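File shown here: protein_26.txt, holding compact mmCIF, C-alpha atoms.
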```
# COMPACT_ATOMS: atom_id res chain seq x y z
CA MET A 1 14.99 -11.91 -11.61
CA THR A 2 12.75 -9.53 -9.72
CA THR A 3 9.38 -8.32 -10.71
CA THR A 4 7.64 -5.31 -9.34
CA THR A 5 3.90 -5.16 -9.14
CA THR A 6 1.88 -2.09 -8.46
CA GLN A 7 -1.72 -1.77 -7.47
CA PRO A 8 -3.98 -0.52 -10.26
CA ARG A 9 -4.95 3.05 -9.47
CA ASN A 10 -8.05 4.98 -10.40
CA ASN A 11 -8.35 8.62 -11.43
CA ALA A 12 -8.27 9.78 -7.78
CA GLY A 13 -4.93 8.01 -7.24
CA GLN A 14 -6.38 5.37 -4.93
CA SER A 15 -5.83 1.69 -5.47
CA ASP A 16 -8.71 -0.56 -6.40
CA ALA A 17 -8.00 -2.54 -3.21
CA ALA A 18 -8.37 0.62 -1.07
CA ASN A 19 -11.69 1.36 -2.73
CA GLY A 20 -12.84 -2.22 -2.14
CA LEU A 21 -11.94 -2.00 1.54
CA ALA A 22 -13.76 1.32 1.80
CA LEU A 23 -16.87 -0.34 0.37
CA VAL A 24 -16.60 -3.17 2.92
CA ARG A 25 -16.03 -0.59 5.70
CA MET A 26 -19.14 1.34 4.76
CA THR A 27 -21.18 -1.87 4.51
CA ILE A 28 -20.11 -3.08 7.97
CA GLY A 29 -20.80 0.41 9.35
CA ALA A 30 -24.26 0.49 7.77
CA MET A 31 -24.92 -2.95 9.25
CA PHE A 32 -24.15 -1.61 12.75
CA VAL A 33 -26.43 1.40 12.27
CA TRP A 34 -29.20 -0.82 10.90
CA VAL A 35 -28.92 -3.30 13.77
CA PHE A 36 -28.98 -0.43 16.28
CA PHE A 37 -32.30 0.86 14.94
CA GLU A 38 -33.71 -2.66 14.57
CA ASN A 39 -32.85 -3.50 18.20
CA LEU A 40 -34.11 -0.11 19.38
CA GLY A 41 -37.47 -0.80 17.72
CA LYS A 42 -37.67 -4.24 19.35
CA GLY A 43 -36.93 -2.85 22.80
CA ALA A 44 -33.70 -4.85 23.01
CA TYR A 45 -31.87 -1.99 24.73
CA THR A 46 -34.28 -1.82 27.66
CA PRO A 47 -33.11 -3.71 30.75
CA ALA A 48 -35.88 -6.31 30.41
CA GLY A 49 -35.44 -6.72 26.65
CA TYR A 50 -31.68 -7.01 26.90
CA ALA A 51 -31.80 -9.49 29.78
CA GLY A 52 -34.36 -11.56 27.86
CA VAL A 53 -32.10 -11.85 24.82
CA ILE A 54 -29.04 -12.68 26.90
CA ASN A 55 -30.93 -15.25 28.96
CA TYR A 56 -32.12 -16.91 25.74
CA TYR A 57 -28.49 -17.38 24.68
CA ILE A 58 -27.47 -18.65 28.11
CA LYS A 59 -30.20 -21.30 27.90
CA ASN A 60 -29.98 -22.25 24.20
CA SER A 61 -26.51 -21.61 22.85
CA HIS A 62 -23.57 -23.99 22.76
CA SER A 63 -21.09 -21.36 23.90
CA PRO A 64 -18.55 -22.36 26.55
CA ALA A 65 -19.66 -22.39 30.19
CA ALA A 66 -17.14 -19.67 31.06
CA TRP A 67 -18.67 -17.42 28.41
CA LYS A 68 -22.15 -18.13 29.78
CA LEU A 69 -20.92 -16.81 33.15
CA VAL A 70 -19.94 -13.56 31.41
CA LEU A 71 -23.37 -13.46 29.78
CA GLY A 72 -25.00 -14.01 33.17
CA PHE A 73 -23.10 -11.01 34.54
CA MET A 74 -24.25 -8.93 31.57
CA SER A 75 -27.85 -10.03 32.07
CA SER A 76 -27.83 -9.15 35.75
CA HIS A 77 -26.42 -5.69 34.92
CA ALA A 78 -28.64 -5.07 31.89
CA ALA A 79 -29.66 -1.59 33.08
CA ILE A 80 -26.05 -0.45 32.56
CA ILE A 81 -24.85 -2.73 29.77
CA ALA A 82 -27.85 -2.42 27.41
CA PRO A 83 -27.51 1.36 26.84
CA GLY A 84 -23.74 0.95 26.65
CA GLN A 85 -24.09 -1.64 23.90
CA ALA A 86 -26.59 0.59 22.10
CA ALA A 87 -24.16 3.53 22.18
CA MET A 88 -21.30 1.32 21.05
CA GLU A 89 -23.21 -0.15 18.11
CA LEU A 90 -24.36 3.25 16.86
CA SER A 91 -20.93 4.83 17.39
CA LEU A 92 -19.12 2.01 15.59
CA GLY A 93 -21.55 2.24 12.70
CA ILE A 94 -21.12 5.99 12.28
CA LEU A 95 -17.32 5.86 12.65
CA LEU A 96 -17.05 3.11 10.03
CA VAL A 97 -19.42 4.78 7.57
CA ILE A 98 -17.56 8.10 7.68
CA GLY A 99 -14.13 6.47 7.94
CA LEU A 100 -13.00 8.13 11.16
CA LEU A 101 -10.65 6.25 13.50
CA THR A 102 -11.29 3.28 11.27
CA ARG A 103 -8.61 0.97 12.63
CA PRO A 104 -9.65 1.21 16.32
CA ALA A 105 -13.36 1.13 15.39
CA ALA A 106 -12.82 -1.93 13.19
CA LEU A 107 -10.84 -3.63 15.96
CA VAL A 108 -13.69 -3.05 18.43
CA ALA A 109 -16.16 -4.28 15.79
CA PHE A 110 -14.04 -7.41 15.27
CA LEU A 111 -13.95 -8.15 19.01
CA PHE A 112 -17.64 -7.37 19.52
CA LEU A 113 -18.84 -9.40 16.54
CA GLY A 114 -16.52 -12.24 17.56
CA SER A 115 -18.09 -12.26 21.02
CA LEU A 116 -21.56 -12.31 19.45
CA TRP A 117 -20.49 -15.22 17.26
CA VAL A 118 -19.41 -17.19 20.34
CA THR A 119 -22.62 -16.17 22.13
CA GLU A 120 -24.82 -17.45 19.30
CA LEU A 121 -23.04 -20.80 18.76
CA GLY A 122 -25.64 -23.42 17.98
CA THR A 123 -28.55 -20.97 17.72
CA SER A 124 -27.98 -19.48 14.27
CA TRP A 125 -26.23 -20.14 10.99
CA ILE A 126 -22.47 -20.22 11.65
CA TRP A 127 -21.57 -17.86 8.76
CA GLU A 128 -24.11 -15.21 9.71
CA LEU A 129 -21.64 -13.40 11.96
CA LEU A 130 -18.38 -15.05 10.96
CA VAL A 131 -18.22 -13.17 7.66
CA PRO A 132 -18.57 -9.70 9.27
CA VAL A 133 -16.08 -10.77 11.97
CA VAL A 134 -13.42 -11.58 9.37
CA ALA A 135 -14.33 -8.53 7.27
CA SER A 136 -13.84 -6.31 10.34
CA LEU A 137 -10.40 -7.80 10.91
CA GLY A 138 -9.60 -7.06 7.26
CA LEU A 139 -10.55 -3.43 7.85
CA VAL A 140 -8.05 -3.21 10.71
CA VAL A 141 -5.23 -4.74 8.70
CA GLY A 142 -6.02 -2.92 5.46
CA ARG A 143 -6.34 0.61 6.86
CA ALA A 144 -9.75 0.93 5.27
CA GLY A 145 -10.27 4.57 6.25
CA ARG A 146 -7.63 5.80 3.82
CA ALA A 147 -10.10 5.79 0.94
CA TRP A 148 -13.45 7.58 1.02
CA GLY A 149 -12.99 8.50 4.69
CA ILE A 150 -11.99 11.23 7.10
CA ASP A 151 -8.93 9.15 8.02
CA ALA A 152 -7.53 9.91 4.55
CA LEU A 153 -7.50 13.62 5.41
CA LEU A 154 -5.94 12.95 8.82
CA ALA A 155 -3.30 10.66 7.29
CA ARG A 156 -2.10 13.50 5.05
CA ARG A 157 -1.45 15.65 8.12
CA HIS A 158 -0.05 12.87 10.33
CA PRO A 159 1.08 10.03 8.02
CA ALA A 160 2.92 8.05 10.72
CA SER A 161 -0.08 7.68 13.04
CA PRO A 162 -1.18 4.09 13.66
CA TRP A 163 -4.81 5.16 14.16
CA TRP A 164 -5.67 5.46 10.50
```
What would the structure in this file look like if it were written as structure tokens?
Amino acid sequence: MTTTTTQPRNNAGQSDAANGLALVRMTIGAMFVWVFFENLGKGAYTPAGYAGVINYYIKNSHSPAAWKLVLGFMSSHAAIIAPGQAAMELSLGILLVIGLLTRPAALVAFLFLGSLWVTELGTSWIWELLVPVVASLGLVVGRAGRAWGIDALLARRHPASPWW
């Protein structure tokens, strides 16, 4: 005996799961935009501000020693890395909110948030970043740009593309 299940669809022909993923995508994107402006206001993207934050984590976190070496490199090159991180955070946020290149953007978000999670080990609540890390991975797997996003339009023209 075989049973076939179909996803419930709404009036626009999209599954409820696709709409749920789109909501998560937009939330993670809004989080990136919010954090960008919050860090910008705190001066965290200046070389001194960035190095100060990174040095705090080197001193206080429980991240592995090898990762602290990476952080030390980032701190000593804060004049280059700080504006790069600022641009990345804002770009990821905008791409996720509008649903453009969602899969690659969500993959970068997953890797970035995962690195932040390792960086902050022992200095903050463990679930604070772990939930957005896993949600970002879900966006990659679930093709979250195919509902409420520009990727949906691109997928109609190029349905076989792995990017959306």
message = Need to verify the contact set: Leu21 of chain A, 12 Å, all atoms listed in the file, exclusion of same-chain residues closer than 5 positions in sequence. Can you return it as an NGL selection string?
response = :A and (14-16 or 26-28 or 96-97 or 99 or 102-103 or 106 or 135-149)
Those same residues - C-alpha atoms - I'd like them written as an mmCIF file, in the frame of the given file.
```
data_model
loop_
_atom_site.group_PDB
_atom_site.id
_atom_site.type_symbol
_atom_site.label_atom_id
_atom_site.label_comp_id
_atom_site.auth_asym_id
_atom_site.auth_seq_id
_atom_site.Cartn_x
_atom_site.Cartn_y
_atom_site.Cartn_z
ATOM 1 C CA GLN A 14 -6.380 5.370 -4.930
ATOM 2 C CA SER A 15 -5.830 1.690 -5.470
ATOM 3 C CA ASP A 16 -8.710 -0.560 -6.400
ATOM 4 C CA MET A 26 -19.140 1.340 4.760
ATOM 5 C CA THR A 27 -21.180 -1.870 4.510
ATOM 6 C CA ILE A 28 -20.110 -3.080 7.970
ATOM 7 C CA LEU A 96 -17.050 3.110 10.030
ATOM 8 C CA VAL A 97 -19.420 4.780 7.570
ATOM 9 C CA GLY A 99 -14.130 6.470 7.940
ATOM 10 C CA THR A 102 -11.290 3.280 11.270
ATOM 11 C CA ARG A 103 -8.610 0.970 12.630
ATOM 12 C CA ALA A 106 -12.820 -1.930 13.190
ATOM 13 C CA ALA A 135 -14.330 -8.530 7.270
ATOM 14 C CA SER A 136 -13.840 -6.310 10.340
ATOM 15 C CA LEU A 137 -10.400 -7.800 10.910
ATOM 16 C CA GLY A 138 -9.600 -7.060 7.260
ATOM 17 C CA LEU A 139 -10.550 -3.430 7.850
ATOM 18 C CA VAL A 140 -8.050 -3.210 10.710
ATOM 19 C CA VAL A 141 -5.230 -4.740 8.700
ATOM 20 C CA GLY A 142 -6.020 -2.920 5.460
ATOM 21 C CA ARG A 143 -6.340 0.610 6.860
ATOM 22 C CA ALA A 144 -9.750 0.930 5.270
ATOM 23 C CA GLY A 145 -10.270 4.570 6.250
ATOM 24 C CA ARG A 146 -7.630 5.800 3.820
ATOM 25 C CA ALA A 147 -10.100 5.790 0.940
ATOM 26 C CA TRP A 148 -13.450 7.580 1.020
ATOM 27 C CA GLY A 149 -12.990 8.500 4.690
#
```
With distances taken over all atoms listed in the file, the candidate from A:Asn55, A:Ser91, A:Ser124, A:Ser115 nearest Ser75 of chain A is A:Asn55
Please list as a PDB file with C-alpha atoms, keeping the file's coordinate frame every residue within 6 Å of segment 31-48 of chain A, counting all atoms listed in the file and excluding residues in the same chain fewer than 3 positions away.
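out07.pdb was written with the following content:
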```pdb
ATOM      1  CA  ILE A  28     -20.110  -3.080   7.970  1.00  0.00           C
ATOM      2  CA  ALA A  51     -31.800  -9.490  29.780  1.00  0.00           C
ATOM      3  CA  ALA A  78     -28.640  -5.070  31.890  1.00  0.00           C
ATOM      4  CA  ALA A  79     -29.660  -1.590  33.080  1.00  0.00           C
ATOM      5  CA  ALA A  82     -27.850  -2.420  27.410  1.00  0.00           C
ATOM      6  CA  PRO A  83     -27.510   1.360  26.840  1.00  0.00           C
ATOM      7  CA  GLU A  89     -23.210  -0.150  18.110  1.00  0.00           C
ATOM      8  CA  LEU A  90     -24.360   3.250  16.860  1.00  0.00           C
ATOM      9  CA  GLY A  93     -21.550   2.240  12.700  1.00  0.00           C
TER      10      GLY A  93
END
```
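Take atom CA of Leu101 of chain A and atom CA of Met74 of chain A: the distance between them is 27.2 Å.
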Atom CA of Gly29 of chain A sits from atom CA of Leu95 of chain A at a separation of 7.3 Å
Edge lengths and centre in Å, axis-aligned, segment 57-70 of chain A plus 6 Å each side, as lines of an AutoDock Vina configuration file:
```
center_x = -23.7
center_y = -18.8
center_z = 28.0
size_x = 25.1
size_y = 22.4
size_z = 22.4
```
Q. Could you state the separation of atom CA of Gly122 of chain A and atom CA of Ser61 of chain A in Å, given to one decimal place?
A.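 Computing the Euclidean distance for atom CA of Gly122 of chain A and atom CA of Ser61 of chain A yields 5.3 Å.
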Using only C-alpha atoms, the residue out of A:Met88, A:Ile98, A:Gly49, A:Phe73 with shortest distance to Leu23 of chain A is A:Ile98
Between A:Leu153, A:Leu92, A:Gly84, A:Glu120, smallest distance to Ser63 of chain A by only C-alpha atoms belongs to A:Glu120
Assuming the input is short of atoms at segment 70-81 of chain A, produce all heavy atoms for that part as a PDB file, keeping the file's coordinate frame.
```pdb
ATOM      1  N   VAL A  70     -20.050 -14.963  31.821  1.00  0.00           N
ATOM      2  CA  VAL A  70     -19.940 -13.560  31.410  1.00  0.00           C
ATOM      3  C   VAL A  70     -21.314 -13.044  30.983  1.00  0.00           C
ATOM      4  O   VAL A  70     -21.727 -11.938  31.358  1.00  0.00           O
ATOM      5  CB  VAL A  70     -18.909 -13.394  30.270  1.00  0.00           C
ATOM      6  CG1 VAL A  70     -18.932 -11.987  29.694  1.00  0.00           C
ATOM      7  CG2 VAL A  70     -17.514 -13.758  30.758  1.00  0.00           C
ATOM      8  N   LEU A  71     -22.024 -13.849  30.214  1.00  0.00           N
ATOM      9  CA  LEU A  71     -23.370 -13.460  29.780  1.00  0.00           C
ATOM     10  C   LEU A  71     -24.306 -13.277  30.971  1.00  0.00           C
ATOM     11  O   LEU A  71     -25.130 -12.354  30.988  1.00  0.00           O
ATOM     12  CB  LEU A  71     -23.943 -14.499  28.811  1.00  0.00           C
ATOM     13  CG  LEU A  71     -23.257 -14.620  27.463  1.00  0.00           C
ATOM     14  CD1 LEU A  71     -23.864 -15.771  26.662  1.00  0.00           C
ATOM     15  CD2 LEU A  71     -23.327 -13.322  26.694  1.00  0.00           C
ATOM     16  N   GLY A  72     -24.187 -14.140  31.969  1.00  0.00           N
ATOM     17  CA  GLY A  72     -25.000 -14.010  33.170  1.00  0.00           C
ATOM     18  C   GLY A  72     -24.726 -12.693  33.887  1.00  0.00           C
ATOM     19  O   GLY A  72     -25.654 -12.027  34.364  1.00  0.00           O
ATOM     20  N   PHE A  73     -23.463 -12.297  33.947  1.00  0.00           N
ATOM     21  CA  PHE A  73     -23.100 -11.010  34.540  1.00  0.00           C
ATOM     22  C   PHE A  73     -23.739  -9.874  33.749  1.00  0.00           C
ATOM     23  O   PHE A  73     -24.293  -8.933  34.316  1.00  0.00           O
ATOM     24  CB  PHE A  73     -21.578 -10.852  34.580  1.00  0.00           C
ATOM     25  CG  PHE A  73     -21.128  -9.513  35.068  1.00  0.00           C
ATOM     26  CD1 PHE A  73     -21.031  -9.261  36.431  1.00  0.00           C
ATOM     27  CD2 PHE A  73     -20.807  -8.508  34.175  1.00  0.00           C
ATOM     28  CE1 PHE A  73     -20.618  -8.018  36.890  1.00  0.00           C
ATOM     29  CE2 PHE A  73     -20.401  -7.265  34.621  1.00  0.00           C
ATOM     30  CZ  PHE A  73     -20.304  -7.017  35.983  1.00  0.00           C
ATOM     31  N   MET A  74     -23.663  -9.970  32.425  1.00  0.00           N
ATOM     32  CA  MET A  74     -24.250  -8.930  31.570  1.00  0.00           C
ATOM     33  C   MET A  74     -25.761  -8.859  31.765  1.00  0.00           C
ATOM     34  O   MET A  74     -26.324  -7.767  31.836  1.00  0.00           O
ATOM     35  CB  MET A  74     -23.903  -9.207  30.102  1.00  0.00           C
ATOM     36  CG  MET A  74     -22.435  -9.054  29.798  1.00  0.00           C
ATOM     37  SD  MET A  74     -21.977  -9.643  28.165  1.00  0.00           S
ATOM     38  CE  MET A  74     -22.860  -8.524  27.123  1.00  0.00           C
ATOM     39  N   SER A  75     -26.406 -10.001  31.875  1.00  0.00           N
ATOM     40  CA  SER A  75     -27.850 -10.030  32.070  1.00  0.00           C
ATOM     41  C   SER A  75     -28.251  -9.395  33.401  1.00  0.00           C
ATOM     42  O   SER A  75     -29.211  -8.639  33.468  1.00  0.00           O
ATOM     43  CB  SER A  75     -28.350 -11.472  32.008  1.00  0.00           C
ATOM     44  OG  SER A  75     -29.714 -11.540  32.308  1.00  0.00           O
ATOM     45  N   SER A  76     -27.492  -9.689  34.434  1.00  0.00           N
ATOM     46  CA  SER A  76     -27.830  -9.150  35.750  1.00  0.00           C
ATOM     47  C   SER A  76     -27.510  -7.651  35.873  1.00  0.00           C
ATOM     48  O   SER A  76     -27.965  -7.007  36.805  1.00  0.00           O
ATOM     49  CB  SER A  76     -27.134  -9.941  36.853  1.00  0.00           C
ATOM     50  OG  SER A  76     -25.741  -9.797  36.766  1.00  0.00           O
ATOM     51  N   HIS A  77     -26.740  -7.120  34.934  1.00  0.00           N
ATOM     52  CA  HIS A  77     -26.420  -5.690  34.920  1.00  0.00           C
ATOM     53  C   HIS A  77     -26.956  -5.026  33.645  1.00  0.00           C
ATOM     54  O   HIS A  77     -26.366  -4.086  33.119  1.00  0.00           O
ATOM     55  CB  HIS A  77     -24.910  -5.487  35.034  1.00  0.00           C
ATOM     56  CG  HIS A  77     -24.364  -5.915  36.357  1.00  0.00           C
ATOM     57  ND1 HIS A  77     -24.021  -7.217  36.626  1.00  0.00           N
ATOM     58  CD2 HIS A  77     -24.146  -5.228  37.500  1.00  0.00           C
ATOM     59  CE1 HIS A  77     -23.587  -7.309  37.867  1.00  0.00           C
ATOM     60  NE2 HIS A  77     -23.658  -6.115  38.425  1.00  0.00           N
ATOM     61  N   ALA A  78     -28.078  -5.525  33.164  1.00  0.00           N
ATOM     62  CA  ALA A  78     -28.640  -5.070  31.890  1.00  0.00           C
ATOM     63  C   ALA A  78     -28.965  -3.575  31.887  1.00  0.00           C
ATOM     64  O   ALA A  78     -28.889  -2.931  30.843  1.00  0.00           O
ATOM     65  CB  ALA A  78     -29.881  -5.878  31.541  1.00  0.00           C
ATOM     66  N   ALA A  79     -29.311  -3.013  33.022  1.00  0.00           N
ATOM     67  CA  ALA A  79     -29.660  -1.590  33.080  1.00  0.00           C
ATOM     68  C   ALA A  79     -28.471  -0.714  32.697  1.00  0.00           C
ATOM     69  O   ALA A  79     -28.654   0.396  32.180  1.00  0.00           O
ATOM     70  CB  ALA A  79     -30.152  -1.221  34.472  1.00  0.00           C
ATOM     71  N   ILE A  80     -27.254  -1.198  32.912  1.00  0.00           N
ATOM     72  CA  ILE A  80     -26.050  -0.450  32.560  1.00  0.00           C
ATOM     73  C   ILE A  80     -25.519  -0.892  31.197  1.00  0.00           C
ATOM     74  O   ILE A  80     -25.140  -0.077  30.364  1.00  0.00           O
ATOM     75  CB  ILE A  80     -24.964  -0.647  33.633  1.00  0.00           C
ATOM     76  CG1 ILE A  80     -25.436  -0.069  34.963  1.00  0.00           C
ATOM     77  CG2 ILE A  80     -23.644  -0.019  33.214  1.00  0.00           C
ATOM     78  CD1 ILE A  80     -24.578  -0.457  36.139  1.00  0.00           C
ATOM     79  N   ILE A  81     -25.499  -2.187  30.969  1.00  0.00           N
ATOM     80  CA  ILE A  81     -24.850  -2.730  29.770  1.00  0.00           C
ATOM     81  C   ILE A  81     -25.693  -2.494  28.517  1.00  0.00           C
ATOM     82  O   ILE A  81     -25.140  -2.208  27.451  1.00  0.00           O
ATOM     83  CB  ILE A  81     -24.506  -4.210  29.972  1.00  0.00           C
ATOM     84  CG1 ILE A  81     -23.453  -4.299  31.086  1.00  0.00           C
ATOM     85  CG2 ILE A  81     -24.000  -4.846  28.696  1.00  0.00           C
ATOM     86  CD1 ILE A  81     -22.963  -5.649  31.421  1.00  0.00           C
TER      87      ILE A  81
END
```
